[in-house]
$ cat upload_0.pdb   # PDB, C-alpha atoms
ATOM      1  CA  MET A 178     239.939 -17.597 100.380
ATOM      2  CA  LYS A 179     238.199 -14.239  99.979
ATOM      3  CA  ASN A 180     234.633 -13.037 100.061
ATOM      4  CA  THR A 181     234.263 -11.240  96.740
ATOM      5  CA  GLY A 182     231.245  -9.319  97.991
ATOM      6  CA  ILE A 183     229.246 -10.519  94.987
ATOM      7  CA  GLU A 184     225.781 -11.844  95.768
ATOM      8  CA  TYR A 185     222.991 -13.209  93.607
ATOM      9  CA  GLN A 186     219.353 -13.849  94.362
ATOM     10  CA  SER A 187     218.006 -17.303  93.545
ATOM     11  CA  HIS A 188     216.011 -15.961  90.603
ATOM     12  CA  GLU A 189     219.199 -14.479  89.088
ATOM     13  CA  GLN A 190     221.565 -17.452  89.118
ATOM     14  CA  THR A 191     221.289 -21.231  89.582
ATOM     15  CA  PRO A 192     224.162 -22.884  91.448
ATOM     16  CA  THR A 193     225.874 -26.135  90.451
ATOM     17  CA  ILE A 194     226.200 -29.187  92.702
ATOM     18  CA  LEU A 195     229.304 -31.379  92.487
ATOM     19  CA  SER A 196     229.397 -34.658  94.417
ATOM     20  CA  SER A 197     233.002 -33.989  95.471
ATOM     21  CA  PHE A 198     231.625 -31.096  97.547
ATOM     22  CA  SER A 199     228.153 -32.349  98.458
ATOM     23  CA  GLU A 200     229.465 -35.717  99.675
ATOM     24  CA  LEU A 201     232.538 -34.390 101.470
ATOM     25  CA  LEU A 202     230.867 -34.368 104.898
ATOM     26  CA  PRO A 203     228.657 -37.080 106.419
ATOM     27  CA  PRO A 204     224.947 -36.457 105.804
ATOM     28  CA  LEU A 205     222.832 -34.833 108.495
ATOM     29  CA  THR A 206     220.539 -37.063 110.517
ATOM     30  CA  ASP A 207     216.815 -37.039 109.778
ATOM     31  CA  GLU A 208     216.278 -35.078 112.983
ATOM     32  CA  GLN A 209     218.868 -32.447 112.063
ATOM     33  CA  LEU A 210     217.385 -32.048 108.590
ATOM     34  CA  SER A 211     213.903 -31.776 110.039
ATOM     35  CA  LEU A 212     214.989 -29.022 112.435
ATOM     36  CA  MET A 213     216.735 -27.119 109.643
ATOM     37  CA  GLU A 214     213.681 -27.408 107.396
ATOM     38  CA  GLU A 215     211.407 -26.225 110.198
ATOM     39  CA  ASP A 216     213.648 -23.199 110.820
ATOM     40  CA  ILE A 217     213.831 -22.235 107.138
ATOM     41  CA  LEU A 218     210.073 -22.587 106.690
ATOM     42  CA  LYS A 219     209.546 -20.339 109.708
ATOM     43  CA  ASN A 220     212.308 -17.761 109.248
ATOM     44  CA  GLY A 221     213.386 -18.081 105.626
ATOM     45  CA  CYS A 222     216.877 -18.926 104.380
ATOM     46  CA  TYR A 223     218.661 -16.075 106.147
ATOM     47  CA  ALA A 224     222.180 -17.541 105.776
ATOM     48  CA  PRO A 225     223.549 -17.275 102.215
ATOM     49  CA  ILE A 226     224.624 -20.347 100.267
ATOM     50  CA  ILE A 227     228.363 -20.111  99.612
ATOM     51  CA  VAL A 228     229.539 -20.742  96.048
ATOM     52  CA  ASN A 229     232.881 -20.423  94.311
ATOM     53  CA  GLU A 230     233.427 -18.225  91.262
ATOM     54  CA  ASP A 231     232.069 -21.005  89.022
ATOM     55  CA  LEU A 232     228.872 -20.958  91.129
ATOM     56  CA  VAL A 233     229.585 -24.445  92.532
ATOM     57  CA  ILE A 234     228.085 -24.819  96.006
ATOM     58  CA  VAL A 235     230.840 -25.028  98.613
ATOM     59  CA  ASP A 236     228.695 -24.734 101.743
ATOM     60  CA  GLY A 237     224.913 -24.866 102.085
ATOM     61  CA  HIS A 238     223.830 -27.970 100.161
ATOM     62  CA  ASN A 239     221.101 -28.842 102.657
ATOM     63  CA  ARG A 240     219.739 -25.278 102.745
ATOM     64  CA  TYR A 241     219.681 -25.222  98.950
ATOM     65  CA  SER A 242     217.831 -28.554  98.797
ATOM     66  CA  ILE A 243     215.189 -27.394 101.286
ATOM     67  CA  CYS A 244     214.655 -24.082  99.467
ATOM     68  CA  GLU A 245     214.291 -25.845  96.124
ATOM     69  CA  LYS A 246     211.864 -28.338  97.639
ATOM     70  CA  HIS A 247     209.557 -25.599  98.935
ATOM     71  CA  GLY A 248     210.169 -22.969  96.253
ATOM     72  CA  LEU A 249     211.733 -20.539  98.734
ATOM     73  CA  PRO A 250     214.127 -17.727  97.771
ATOM     74  CA  TYR A 251     217.766 -17.756  98.831
ATOM     75  CA  ARG A 252     220.986 -15.808  98.322
ATOM     76  CA  LEU A 253     224.251 -16.922  96.765
ATOM     77  CA  ALA A 254     227.447 -15.398  98.182
ATOM     78  CA  VAL A 255     230.460 -15.760  95.882
ATOM     79  CA  PHE A 256     233.797 -16.603  97.524
ATOM     80  CA  SER A 257     237.122 -16.808  95.735
ATOM     81  CA  PHE A 258     239.320 -19.857  96.448
ATOM     82  CA  GLU A 259     242.788 -20.732  95.236
ATOM     83  CA  ASP A 260     241.552 -24.176  94.174
ATOM     84  CA  ASP A 261     238.986 -26.846  95.061
ATOM     85  CA  LEU A 262     241.180 -28.149  97.885
ATOM     86  CA  GLU A 263     241.137 -24.771  99.620
ATOM     87  CA  ALA A 264     237.368 -24.573  99.119
ATOM     88  CA  LYS A 265     236.838 -28.011 100.645
ATOM     89  CA  GLN A 266     239.140 -27.167 103.538
ATOM     90  CA  TRP A 267     237.151 -23.994 104.195
ATOM     91  CA  ALA A 268     233.854 -25.899 104.067
ATOM     92  CA  LEU A 269     235.196 -28.476 106.521
ATOM     93  CA  ASP A 270     236.504 -25.833 108.921
ATOM     94  CA  THR A 271     233.135 -24.073 108.795
ATOM     95  CA  GLN A 272     231.127 -27.233 109.403
ATOM     96  CA  LYS A 273     233.383 -28.518 112.182
ATOM     97  CA  SER A 274     232.237 -25.624 114.343
ATOM     98  CA  ARG A 275     228.607 -26.680 113.793
ATOM     99  CA  ARG A 276     228.893 -30.452 114.032
ATOM    100  CA  ASN A 277     230.286 -32.926 116.518
ATOM    101  CA  LEU A 278     232.291 -35.012 114.042
ATOM    102  CA  THR A 279     233.898 -38.186 115.364
ATOM    103  CA  ILE A 280     237.512 -39.204 114.791
ATOM    104  CA  ASN A 281     236.339 -41.898 112.371
ATOM    105  CA  GLU A 282     234.302 -39.339 110.407
ATOM    106  CA  LEU A 283     237.179 -36.854 110.284
ATOM    107  CA  CYS A 284     239.558 -39.522 108.980
ATOM    108  CA  LYS A 285     237.010 -40.563 106.365
ATOM    109  CA  ILE A 286     236.807 -36.948 105.198
ATOM    110  CA  ALA A 287     240.602 -36.885 105.042
ATOM    111  CA  MET A 288     240.577 -39.895 102.715
ATOM    112  CA  LYS A 289     238.360 -37.898 100.331
ATOM    113  CA  LEU A 290     240.891 -35.055 100.403
ATOM    114  CA  ARG A 291     243.832 -37.425 100.058
ATOM    115  CA  PRO A 292     244.151 -37.493  96.238
ATOM    116  CA  GLU A 293     244.353 -33.690  96.022
ATOM    117  CA  ILE A 294     246.745 -33.393  98.967
ATOM    118  CA  GLU A 295     248.971 -36.171  97.580
ATOM    119  CA  ALA A 296     248.990 -34.420  94.221
ATOM    120  CA  LYS A 297     250.054 -31.191  95.879
ATOM    121  CA  ALA A 298     252.743 -33.041  97.853
ATOM    122  CA  LYS A 299     254.135 -34.519  94.630
ATOM    123  CA  GLU A 300     254.060 -31.085  93.034
ATOM    124  CA  ASN A 301     255.993 -29.623  95.950
ATOM    125  CA  GLN A 302     258.423 -32.545  95.816
ATOM    126  CA  GLY A 303     258.962 -31.849  92.126
ATOM    127  CA  GLU A 304     259.741 -28.228  92.894
ATOM    128  CA  ARG A 305     262.393 -29.344  95.376
ATOM    129  CA  THR A 306     264.014 -31.681  92.855
ATOM    130  CA  ASP A 307     264.237 -28.786  90.399
ATOM    131  CA  ILE A 308     266.908 -27.266  92.635
ATOM    132  CA  LEU A 309     268.922 -30.505  92.637
ATOM    133  CA  THR A 310     267.527 -31.736  95.931
ATOM    134  CA  PRO A 311     267.445 -35.546  95.734
ATOM    135  CA  VAL A 312     264.033 -37.217  95.870
ATOM    136  CA  SER A 313     263.428 -38.485  99.409
ATOM    137  CA  LYS A 314     260.917 -40.853 100.954
ATOM    138  CA  SER A 315     259.402 -38.032 102.962
ATOM    139  CA  SER A 316     256.404 -37.325 100.703
ATOM    140  CA  PRO A 317     254.118 -39.954 102.328
ATOM    141  CA  VAL A 318     254.958 -38.469 105.727
ATOM    142  CA  ASP A 319     254.243 -34.997 104.374
ATOM    143  CA  THR A 320     250.918 -36.212 103.038
ATOM    144  CA  ARG A 321     250.038 -37.749 106.387
ATOM    145  CA  LYS A 322     250.940 -34.526 108.152
ATOM    146  CA  GLU A 323     248.889 -32.392 105.770
ATOM    147  CA  LEU A 324     245.875 -34.707 106.012
ATOM    148  CA  ALA A 325     246.069 -34.718 109.807
ATOM    149  CA  LYS A 326     246.284 -30.936 109.840
ATOM    150  CA  ALA A 327     243.439 -30.579 107.342
ATOM    151  CA  VAL A 328     240.879 -32.412 109.481
ATOM    152  CA  GLY A 329     242.340 -31.791 112.936
ATOM    153  CA  VAL A 330     243.475 -35.208 114.154
ATOM    154  CA  GLY A 331     246.870 -36.526 115.258
ATOM    155  CA  GLU A 332     249.431 -37.736 112.752
ATOM    156  CA  VAL A 333     249.564 -41.204 114.316
ATOM    157  CA  THR A 334     245.812 -41.601 113.951
ATOM    158  CA  MET A 335     245.952 -40.341 110.379
ATOM    159  CA  GLY A 336     248.760 -42.747 109.506
ATOM    160  CA  ARG A 337     246.651 -45.607 110.810
ATOM    161  CA  ALA A 338     243.615 -44.419 108.848
ATOM    162  CA  MET A 339     245.753 -44.376 105.694
ATOM    163  CA  LYS A 340     246.961 -47.903 106.438
ATOM    164  CA  ILE A 341     243.349 -49.071 106.757
ATOM    165  CA  GLU A 342     242.393 -47.306 103.533
ATOM    166  CA  ASP A 343     245.279 -48.921 101.647
ATOM    167  CA  ASP A 344     245.429 -52.429 103.093
ATOM    168  CA  ALA A 345     242.418 -53.353 105.245
ATOM    169  CA  PRO A 346     239.835 -55.881 104.013
ATOM    170  CA  GLN A 347     236.412 -54.422 103.293
ATOM    171  CA  ALA A 348     234.916 -55.950 106.455
ATOM    172  CA  ILE A 349     237.184 -53.770 108.595
ATOM    173  CA  LYS A 350     236.376 -50.637 106.569
ATOM    174  CA  ASP A 351     232.656 -51.353 106.886
ATOM    175  CA  ALA A 352     233.005 -51.790 110.656
ATOM    176  CA  LEU A 353     234.704 -48.388 110.881
ATOM    177  CA  ASP A 354     231.963 -46.760 108.819
ATOM    178  CA  SER A 355     229.287 -48.210 111.096
ATOM    179  CA  GLY A 356     231.155 -47.138 114.244
ATOM    180  CA  ASP A 357     231.697 -50.708 115.449
ATOM    181  CA  LEU A 358     235.467 -50.229 115.355
ATOM    182  CA  SER A 359     237.731 -47.302 116.109
ATOM    183  CA  ILE A 360     240.696 -46.286 113.958
ATOM    184  CA  ALA A 361     243.072 -47.904 116.441
ATOM    185  CA  GLN A 362     241.129 -51.166 116.508
ATOM    186  CA  GLY A 363     240.810 -51.286 112.727
ATOM    187  CA  TYR A 364     244.539 -50.645 112.357
ATOM    188  CA  ASN A 365     245.458 -53.351 114.868
ATOM    189  CA  LEU A 366     243.219 -55.908 113.152
ATOM    190  CA  THR A 367     244.699 -54.999 109.763
ATOM    191  CA  ARG A 368     248.226 -55.548 111.070
ATOM    192  CA  GLU A 369     247.258 -58.799 112.783
ATOM    193  CA  LEU A 370     245.748 -60.190 109.600
ATOM    194  CA  GLU A 371     248.856 -59.210 107.637
ATOM    195  CA  ASP A 372     251.085 -60.986 110.140
ATOM    196  CA  MET A 373     248.992 -64.145 109.793
ATOM    197  CA  ASP A 374     249.850 -64.309 106.078
ATOM    198  CA  ILE A 375     246.355 -65.505 105.128
ATOM    199  CA  PRO A 376     245.755 -66.481 101.475
ATOM    200  CA  GLU A 377     244.105 -63.666  99.563
ATOM    201  CA  ASP A 378     240.887 -65.575  98.869
ATOM    202  CA  GLU A 379     240.445 -66.201 102.614
ATOM    203  CA  GLN A 380     241.289 -62.723 103.890
ATOM    204  CA  GLU A 381     237.754 -61.301 103.798
ATOM    205  CA  ALA A 382     236.279 -64.190 105.796
ATOM    206  CA  ALA A 383     239.110 -63.961 108.315
ATOM    207  CA  ALA A 384     238.541 -60.207 108.617
ATOM    208  CA  MET A 385     234.818 -60.698 109.284
ATOM    209  CA  GLU A 386     235.625 -63.174 112.065
ATOM    210  CA  ALA A 387     238.213 -60.801 113.549
ATOM    211  CA  VAL A 388     235.748 -57.891 113.485
ATOM    212  CA  GLU A 389     233.085 -59.989 115.192
ATOM    213  CA  ARG A 390     235.538 -60.997 117.934
ATOM    214  CA  GLU A 391     236.535 -57.365 118.467
ATOM    215  CA  ILE A 392     232.909 -56.241 118.720
ATOM    216  CA  ILE A 393     232.215 -58.952 121.310
ATOM    217  CA  ARG A 394     235.289 -57.864 123.253
ATOM    218  CA  LYS A 395     234.057 -54.243 123.280
ATOM    219  CA  GLN A 396     230.643 -55.357 124.513
ATOM    220  CA  GLU A 397     232.250 -57.369 127.301
ATOM    221  CA  ASN A 398     234.400 -54.379 128.287
ATOM    222  CA  LYS A 399     231.284 -52.211 128.432
ATOM    223  CA  LYS A 400     229.552 -54.759 130.651
ATOM    224  CA  ARG A 401     232.584 -54.870 132.952
ATOM    225  CA  LYS A 402     232.471 -51.077 133.268
ATOM    226  CA  VAL A 403     228.791 -51.216 134.179
ATOM    227  CA  ASP A 404     229.460 -53.980 136.724
ATOM    228  CA  GLU A 405     232.333 -52.015 138.248
ATOM    229  CA  LYS A 406     230.170 -48.906 138.647
ATOM    230  CA  THR A 407     227.466 -51.038 140.287
ATOM    231  CA  ARG A 408     230.047 -52.488 142.666
ATOM    232  CA  ILE A 409     231.258 -49.005 143.637
ATOM    233  CA  ALA A 410     227.695 -47.808 144.227
ATOM    234  CA  LYS A 411     226.902 -50.800 146.421
ATOM    235  CA  LEU A 412     230.139 -50.311 148.377
ATOM    236  CA  PHE A 413     229.282 -46.685 149.165
ATOM    237  CA  CYS A 414     225.715 -47.590 150.104
ATOM    238  CA  ALA A 415     226.879 -50.320 152.460
ATOM    239  CA  ALA A 416     229.470 -48.033 154.054
ATOM    240  CA  PHE A 417     226.958 -45.253 154.681
ATOM    241  CA  GLU A 418     224.275 -47.621 155.943
ATOM    242  CA  SER A 419     226.708 -49.104 158.459
ATOM    243  CA  SER A 420     228.221 -45.778 159.460
ATOM    244  CA  VAL A 421     224.936 -44.088 160.366
ATOM    245  CA  LEU A 422     224.260 -46.900 162.859
ATOM    246  CA  LEU A 423     227.484 -46.208 164.755
ATOM    247  CA  LYS A 424     227.193 -44.459 168.142
ATOM    248  CA  PRO A 425     230.781 -43.427 168.915
ATOM    249  CA  THR A 426     230.477 -43.390 172.703
ATOM    250  CA  VAL A 427     233.283 -44.526 175.010
ATOM    251  CA  GLU A 428     231.194 -47.494 176.072
ATOM    252  CA  ASN A 429     230.477 -48.602 172.499
ATOM    253  CA  VAL A 430     234.082 -48.235 171.387
ATOM    254  CA  GLU A 431     235.282 -50.250 174.395
ATOM    255  CA  THR A 432     232.690 -52.937 173.633
ATOM    256  CA  TRP A 433     233.864 -53.099 170.006
ATOM    257  CA  ILE A 434     237.531 -53.448 170.996
ATOM    258  CA  GLU A 435     236.858 -56.066 173.680
ATOM    259  CA  ARG A 436     234.453 -58.228 171.674
ATOM    260  CA  SER A 437     236.587 -58.035 168.504
ATOM    261  CA  GLY A 438     239.704 -59.251 170.308
ATOM    262  CA  ILE A 439     241.734 -56.201 169.339
ATOM    263  CA  LEU A 440     245.086 -56.339 171.171
ATOM    264  CA  PRO A 441     246.783 -53.343 172.835
ATOM    265  CA  HIS A 442     249.601 -53.211 170.283
ATOM    266  CA  GLN A 443     246.977 -52.900 167.504
ATOM    267  CA  LEU A 444     245.326 -49.808 168.972
ATOM    268  CA  GLU A 445     247.687 -47.339 167.323
ATOM    269  CA  GLY A 446     246.885 -48.835 163.913
ATOM    270  CA  MET A 447     243.165 -48.589 164.697
ATOM    271  CA  VAL A 448     243.586 -44.879 165.452
ATOM    272  CA  ARG A 449     245.235 -44.325 162.082
ATOM    273  CA  ASP A 450     242.521 -46.326 160.295
ATOM    274  CA  ALA A 451     239.780 -44.326 162.013
ATOM    275  CA  GLU A 452     241.441 -41.037 161.069
ATOM    276  CA  GLU A 453     241.791 -42.158 157.435
ATOM    277  CA  ILE A 454     238.119 -43.207 157.352
ATOM    278  CA  ALA A 455     237.130 -39.831 158.805
ATOM    279  CA  GLU A 456     239.204 -38.082 156.128
ATOM    280  CA  SER A 457     237.485 -40.149 153.401
ATOM    281  CA  TYR A 458     234.058 -39.084 154.627
ATOM    282  CA  LEU A 459     235.177 -35.449 154.763
ATOM    283  CA  GLN A 460     236.322 -35.712 151.144
ATOM    284  CA  ILE A 461     232.971 -37.252 150.163
ATOM    285  CA  ALA A 462     231.186 -34.365 151.876
ATOM    286  CA  GLU A 463     233.342 -31.811 150.015
ATOM    287  CA  ILE A 464     232.706 -33.492 146.632
ATOM    288  CA  ILE A 465     228.951 -33.570 147.228
ATOM    289  CA  LYS A 466     228.877 -29.992 148.484
ATOM    290  CA  ASN A 467     231.185 -28.339 145.960
ATOM    291  CA  THR A 468     230.705 -30.457 142.809
ATOM    292  CA  ILE A 469     227.696 -32.746 142.752
ATOM    293  CA  LYS A 470     225.202 -30.291 144.231
ATOM    294  CA  ASN A 471     226.176 -27.640 141.656
ATOM    295  CA  ARG A 472     225.381 -29.862 138.684
ATOM    296  CA  ASP A 473     222.080 -29.703 136.828
ATOM    297  CA  ARG A 474     220.974 -33.286 137.300
ATOM    298  CA  ARG A 475     217.378 -32.810 136.190
ATOM    299  CA  ASN A 476     215.612 -32.477 132.870
ATOM    300  CA  GLU A 477     213.379 -29.530 132.032
ATOM    301  CA  ASP A 478     210.308 -31.508 133.169
ATOM    302  CA  GLY A 479     211.901 -32.132 136.568
ATOM    303  CA  SER A 480     212.764 -35.790 135.964
ATOM    304  CA  GLU A 481     216.210 -37.123 136.704
ATOM    305  CA  LYS A 482     218.662 -37.174 133.813
ATOM    306  CA  GLU A 483     219.836 -40.617 132.836
ATOM    307  CA  GLU A 484     223.488 -41.340 133.471
ATOM    308  CA  GLN A 485     225.286 -42.274 130.273
ATOM    309  CA  VAL A 486     227.593 -45.263 130.493
ATOM    310  CA  SER A 487     230.635 -44.441 128.428
ATOM    311  CA  ASP A 488     231.909 -46.999 125.982
ATOM    312  CA  SER A 489     235.108 -46.855 123.957
ATOM    313  CA  GLY A 490     233.078 -46.143 120.864
ATOM    314  CA  GLU A 491     233.030 -43.591 118.102
ATOM    315  CA  ASN A 492     232.625 -40.437 120.168
ATOM    316  CA  GLY A 493     235.619 -40.851 122.407
ATOM    317  CA  ASP A 494     237.493 -44.047 121.820
ATOM    318  CA  ILE A 495     240.159 -44.361 124.479
ATOM    319  CA  ASP A 496     242.687 -45.796 122.025
ATOM    320  CA  ASP A 497     242.285 -42.841 119.661
ATOM    321  CA  LEU A 498     242.443 -40.366 122.540
ATOM    322  CA  ALA A 499     245.655 -42.029 123.677
ATOM    323  CA  GLU A 500     247.018 -41.648 120.169
ATOM    324  CA  GLU A 501     246.157 -37.948 120.183
ATOM    325  CA  LEU A 502     247.935 -37.592 123.515
ATOM    326  CA  SER A 503     250.992 -39.381 122.189
ATOM    327  CA  ASP A 504     251.073 -36.908 119.302
ATOM    328  CA  ILE A 505     251.052 -34.003 121.737
ATOM    329  CA  ILE A 506     253.918 -35.346 123.833
ATOM    330  CA  GLY A 507     255.942 -36.262 120.776
ATOM    331  CA  GLU A 508     255.641 -40.036 120.628
ATOM    332  CA  ASP A 509     255.092 -41.727 117.286
ATOM    333  CA  ASP A 510     255.013 -45.099 115.570
TER
END
$ encode --input "upload_0.pdb" --output "structure tokens"
Amino acid sequence: MKNTGIEYQSHEQTPTILSSFSELLPPLTDEQLSLMEEDILKNGCYAPIIVNEDLVIVDGHNRYSICEKHGLPYRLAVFSFEDDLEAKQWALDTQKSRRNLTINELCKIAMKLRPEIEAKAKENQGERTDILTPVSKSSPVDTRKELAKAVGVGEVTMGRAMKIEDDAPQAIKDALDSGDLSIAQGYNLTRELEDMDIPEDEQEAAAMEAVEREIIRKQENKKRKVDEKTRIAKLFCAAFESSVLLKPTVENVETWIERSGILPHQLEGMVRDAEEIAESYLQIAEIIKNTIKNRDRRNEDGSEKEEQVSDSGENGDIDDLAEELSDIIGEDD
């Protein structure tokens, strides 16, 4: 990729839109588009629209659309790319720094790049056979590796996304697109359905039932997490409420030991328990003082920020994060 330094004003050249570029990335939300439109109407289109040497838009489709809608001028900056794959890779790398793309979205982008990357892998494989190297079964692995590298996810996750793309019923693919399932969950359901050896005409119905069960399971897990956090909060409240009532005088401690029937041989254990409890409260004090107090826990209007209950959903699915970790430490399927 190289910036040729060539620029055109909108009245000089009209760019071309190809769906393979314009549909590569997920569309912006209505709110994001509205903010972009507001900025361009206020400040003009100050960032150039990037085109290749054939004047095909590589980056800036939304800016172009807004400018055309309002009759605003814009600039075209011409970049030189080795091929369309390099141009798409550049556009993705550029947009990844601006957007918070989920693992599901990144894998979906990879599937759009897959035909070109597979073609390049076959081309490279052909070059190796030209020097009498026997054809191996490594090309699918090479493709998986290149796809994973292209979008920035782990190879295990990418392999599972490819499995879903190739073999999953449509119900599972739709659930991934909507964010109801993660890559790991979609892969596991695909494998489970294969193992069940369901007749082809019944596979879609079975997949829909499996997806529904998985969604219910996720909802139940989320509820359990909420319940567990409530339990922890109540436990701390009860402990503090009881502790502030304690008056640790000699008389009160003696009364507690006598009325509770604590035996002499148990006193040493009570000392250890009391010291451990004291240490716990010291740790709580340190956490509040050094961590919690330093956080901005209020909104701009002074109201308390709402705590977000994390679910194993699209923005941080624990199964996918575990897969990424397994990639790092060298584990694989």
$ atom_distance --input "upload_0.pdb" --atom1 "atom CA of Leu324 of chain A" --atom2 "atom CA of Met288 of chain A"
8.1 Å
$ atom_distance --input "upload_0.pdb" --atom1 "atom CA of Thr320 of chain A" --atom2 "atom CA of Met339 of chain A"
10.0 Å
$ closest_residue --input "upload_0.pdb" --among "A:Leu459, A:Ile341, A:Val430, A:Leu262" --to "Asn229 of chain A" --atoms "all atoms listed in the file"
A:Leu262
$ closest_residue --input "upload_0.pdb" --among "A:Ile454, A:Leu278, A:Ala382, A:Ala338" --to "Pro204 of chain A" --atoms "only C-alpha atoms"
A:Leu278
$ resolve_selection --input "upload_0.pdb" --expression "the PyMOL selection byres ((chain A and resi 385) around 12)" --output "list of chain:residue names"
A:Ala345, A:Pro346, A:Gln347, A:Ala348, A:Ile349, A:Lys350, A:Asp351, A:Ala352, A:Gly363, A:Leu366, A:Thr367, A:Leu370, A:Glu379, A:Gln380, A:Glu381, A:Ala382, A:Ala383, A:Ala384, A:Glu386, A:Ala387, A:Val388, A:Glu389, A:Arg390, A:Glu391, A:Ile392
$ residues_around --input "upload_0.pdb" --residues "Asp231 of chain A" --least-positions-apart "4" --cutoff "9 Å" --atoms "all atoms listed in the file" --output "list of chain:residue names"
A:Pro192, A:Thr193, A:Val255
